[in-house]
Amino acid sequence: MGAVTSIMYAARDPSIKCLVLDSPFSQLRRLIFDLAKQHASVMPDSMTQMAVKKIRKQIAKLAQFDIDDLDAVKYGSQCSVPTFIFHGEDDDFVNFYHSQLIAEHYKGMCFHHVVEGGHNSFRKSDVMSVAIPHLELYLIA
């Protein structure tokens with residue numbers, strides 16, 4: 001969720017120079033549906049929708065925010081901060097298409113890269129070989 005939070009914040013703060021993001025989800029609601037299909041494939045979509053509606057209402061009451069506001073596609077389309085997004089090819093928590101959607105709708109420069117591993121895998125040197133020059137370009141310049 002840190003990657004999504006970063007996009008949301010950077011869309012509002014032009015002083016941020018660049019972002020490096022690992023496996024962001026596009027929208028929390030979409031992620032919930034993906035996980036429901038993956039882990040409870042026998043549950044009909046209508047039941048998932050009812051559960052999400054109840055969860056959304058409870059979170060709004062207890063935490064005072066709307067889960068539908070966690071929308072990286074929406075905020076990405078307003079964000080001009082140069083961004084490097086990488087995503088593990090074997091990610092079984094956040095499907096690759098989530099970060100692809102963000103990259104496709106991103107307002108500013110967005111480099112999207114597939115890397116080895118899953119969602120919580122250690123990232124190899126190929127990620128650093130792109131991330132470090134990205135950071136140097138925008139932070140040191």
# chains A, B, ... in the order shown; residues from 1 in each chain; ligands from 1
>>> residues_around(residues="A:Ala11", least_positions_apart="6", cutoff="9 Å", atoms="only C-alpha atoms", output="PDB file with N, CA, C and O atoms, in the first residue's frame")
ATOM      1  N   TYR A  75      -5.170   8.835  -9.289  1.00  0.00           N
ATOM      2  CA  TYR A  75      -4.127   9.757  -8.850  1.00  0.00           C
ATOM      3  C   TYR A  75      -2.942   9.768  -9.812  1.00  0.00           C
ATOM      4  O   TYR A  75      -2.322  10.803 -10.029  1.00  0.00           O
ATOM      5  N   GLY A  76      -2.634   8.625 -10.394  1.00  0.00           N
ATOM      6  CA  GLY A  76      -1.557   8.557 -11.384  1.00  0.00           C
ATOM      7  C   GLY A  76      -1.858   9.409 -12.603  1.00  0.00           C
ATOM      8  O   GLY A  76      -0.961  10.024 -13.183  1.00  0.00           O
ATOM      9  N   SER A  77      -3.129   9.471 -12.981  1.00  0.00           N
ATOM     10  CA  SER A  77      -3.506  10.289 -14.145  1.00  0.00           C
ATOM     11  C   SER A  77      -3.374  11.788 -13.860  1.00  0.00           C
ATOM     12  O   SER A  77      -3.438  12.599 -14.773  1.00  0.00           O
ATOM     13  N   GLN A  78      -3.160  12.143 -12.587  1.00  0.00           N
ATOM     14  CA  GLN A  78      -2.971  13.541 -12.191  1.00  0.00           C
ATOM     15  C   GLN A  78      -1.528  13.820 -11.770  1.00  0.00           C
ATOM     16  O   GLN A  78      -1.201  14.942 -11.401  1.00  0.00           O
ATOM     17  N   CYS A  79      -0.682  12.811 -11.829  1.00  0.00           N
ATOM     18  CA  CYS A  79       0.670  12.924 -11.271  1.00  0.00           C
ATOM     19  C   CYS A  79       1.712  13.074 -12.386  1.00  0.00           C
ATOM     20  O   CYS A  79       1.795  12.244 -13.287  1.00  0.00           O
ATOM     21  N   SER A  80       2.514  14.120 -12.282  1.00  0.00           N
ATOM     22  CA  SER A  80       3.553  14.342 -13.291  1.00  0.00           C
ATOM     23  C   SER A  80       4.954  14.049 -12.753  1.00  0.00           C
ATOM     24  O   SER A  80       5.942  14.301 -13.442  1.00  0.00           O
ATOM     25  N   VAL A  81       5.044  13.500 -11.559  1.00  0.00           N
ATOM     26  CA  VAL A  81       6.337  13.157 -10.968  1.00  0.00           C
ATOM     27  C   VAL A  81       6.922  11.957 -11.723  1.00  0.00           C
ATOM     28  O   VAL A  81       6.247  10.935 -11.873  1.00  0.00           O
TER      29      VAL A  81
END
>>> residues_around(residues="A:Asp66", least_positions_apart="2", cutoff="12 Å", atoms="only C-alpha atoms", output="ChimeraX atom specification")
/A:27-29,52-64,68-71
>>> closest_atom_pairs(of="stretch 20-101 of chain A", to="stretch 124-128 of chain A", cutoff="10 Å", atoms="only C-alpha atoms", output="CSV")
residue,atom,partner,partner_atom,distance
A:Asp22,CA,A:Val127,CA,9.9
A:Phe84,CA,A:Val127,CA,9.9
A:Ile85,CA,A:Val127,CA,9.9
A:Phe86,CA,A:Val127,CA,7.7
A:His87,CA,A:Val127,CA,9.9
>>> write_last_selection(atoms="all heavy atoms", output="compact mmCIF listing (two decimals), in the first residue's frame")
# COMPACT_ATOMS: atom_id res chain seq x y z
N ASP A 22 7.23 -0.38 -6.00
CA ASP A 22 7.27 -1.84 -6.15
C ASP A 22 5.84 -2.39 -6.07
O ASP A 22 5.17 -2.26 -5.04
CB ASP A 22 8.13 -2.43 -5.03
CG ASP A 22 8.37 -3.93 -5.20
OD1 ASP A 22 7.74 -4.57 -6.06
OD2 ASP A 22 9.21 -4.46 -4.45
N PHE A 84 9.37 5.27 -11.67
CA PHE A 84 9.82 3.94 -12.08
C PHE A 84 9.00 2.94 -11.29
O PHE A 84 9.05 2.91 -10.06
CB PHE A 84 11.32 3.78 -11.79
CG PHE A 84 11.84 2.38 -11.93
CD1 PHE A 84 11.51 1.59 -13.01
CD2 PHE A 84 12.70 1.85 -10.97
CE1 PHE A 84 11.99 0.29 -13.14
CE2 PHE A 84 13.20 0.56 -11.09
CZ PHE A 84 12.84 -0.22 -12.18
N ILE A 85 8.19 2.14 -12.00
CA ILE A 85 7.39 1.09 -11.38
C ILE A 85 7.96 -0.25 -11.80
O ILE A 85 8.16 -0.51 -12.98
CB ILE A 85 5.92 1.15 -11.83
CG1 ILE A 85 5.26 2.47 -11.44
CG2 ILE A 85 5.13 -0.03 -11.27
CD1 ILE A 85 3.84 2.64 -11.97
N PHE A 86 8.24 -1.09 -10.82
CA PHE A 86 8.61 -2.47 -11.15
C PHE A 86 7.64 -3.42 -10.47
O PHE A 86 7.02 -3.09 -9.46
CB PHE A 86 10.07 -2.77 -10.81
CG PHE A 86 10.48 -2.51 -9.39
CD1 PHE A 86 10.48 -3.53 -8.46
CD2 PHE A 86 10.87 -1.24 -8.98
CE1 PHE A 86 10.86 -3.31 -7.16
CE2 PHE A 86 11.27 -1.00 -7.68
CZ PHE A 86 11.25 -2.05 -6.76
N HIS A 87 7.49 -4.60 -11.06
CA HIS A 87 6.49 -5.55 -10.57
C HIS A 87 7.02 -6.97 -10.80
O HIS A 87 7.49 -7.30 -11.88
CB HIS A 87 5.19 -5.36 -11.36
CG HIS A 87 3.98 -5.84 -10.62
ND1 HIS A 87 2.96 -5.01 -10.26
CD2 HIS A 87 3.65 -7.06 -10.14
CE1 HIS A 87 2.04 -5.70 -9.62
NE2 HIS A 87 2.45 -6.96 -9.53
>>> closest_residue(among="A:Met8, A:Met50, A:Ala36, A:Val94", to="A:Pro24", atoms="only C-alpha atoms")
A:Val94
>>> closest_residue(among="A:His98, A:His39, A:Arg12, A:His134", to="A:Thr83", atoms="only C-alpha atoms")
A:His134
>>> closest_residue(among="A:Leu135, A:Ile140, A:Leu35, A:Val73", to="A:Ser99", atoms="only C-alpha atoms")
A:Val73
>>> select_by_dssp(residues="stretch 18-59 of chain A", states="alpha helix (DSSP H)", output="MDAnalysis selection string")
chainID A and resid 28:39 45:59
>>> atom_distance(atom1="atom CA of A:Glu89", atom2="atom CA of A:Phe122")
12.8 Å
>>> closest_residue(among="A:Cys18, A:Ala10, A:Met43, A:Val4", to="A:Met109", atoms="only C-alpha atoms")
A:Cys18
>>> residues_around(residues="A:Asp92", least_positions_apart="6", cutoff="9 Å", atoms="only C-alpha atoms", output="PyMOL selection string")
chain A and resi 38+118-119
>>> closest_residue(among="A:Ser15, A:Gln100, A:Ser6, A:Ser23", to="A:Ser121", atoms="only C-alpha atoms")
A:Ser23
>>> closest_residue(among="A:Gly2, A:Phe111, A:Ala51, A:Tyr9", to="A:Ala131", atoms="only C-alpha atoms")
A:Phe111
>>> atom_distance(atom1="atom CA of A:Asn95", atom2="atom CA of A:Leu19")
20.4 Å
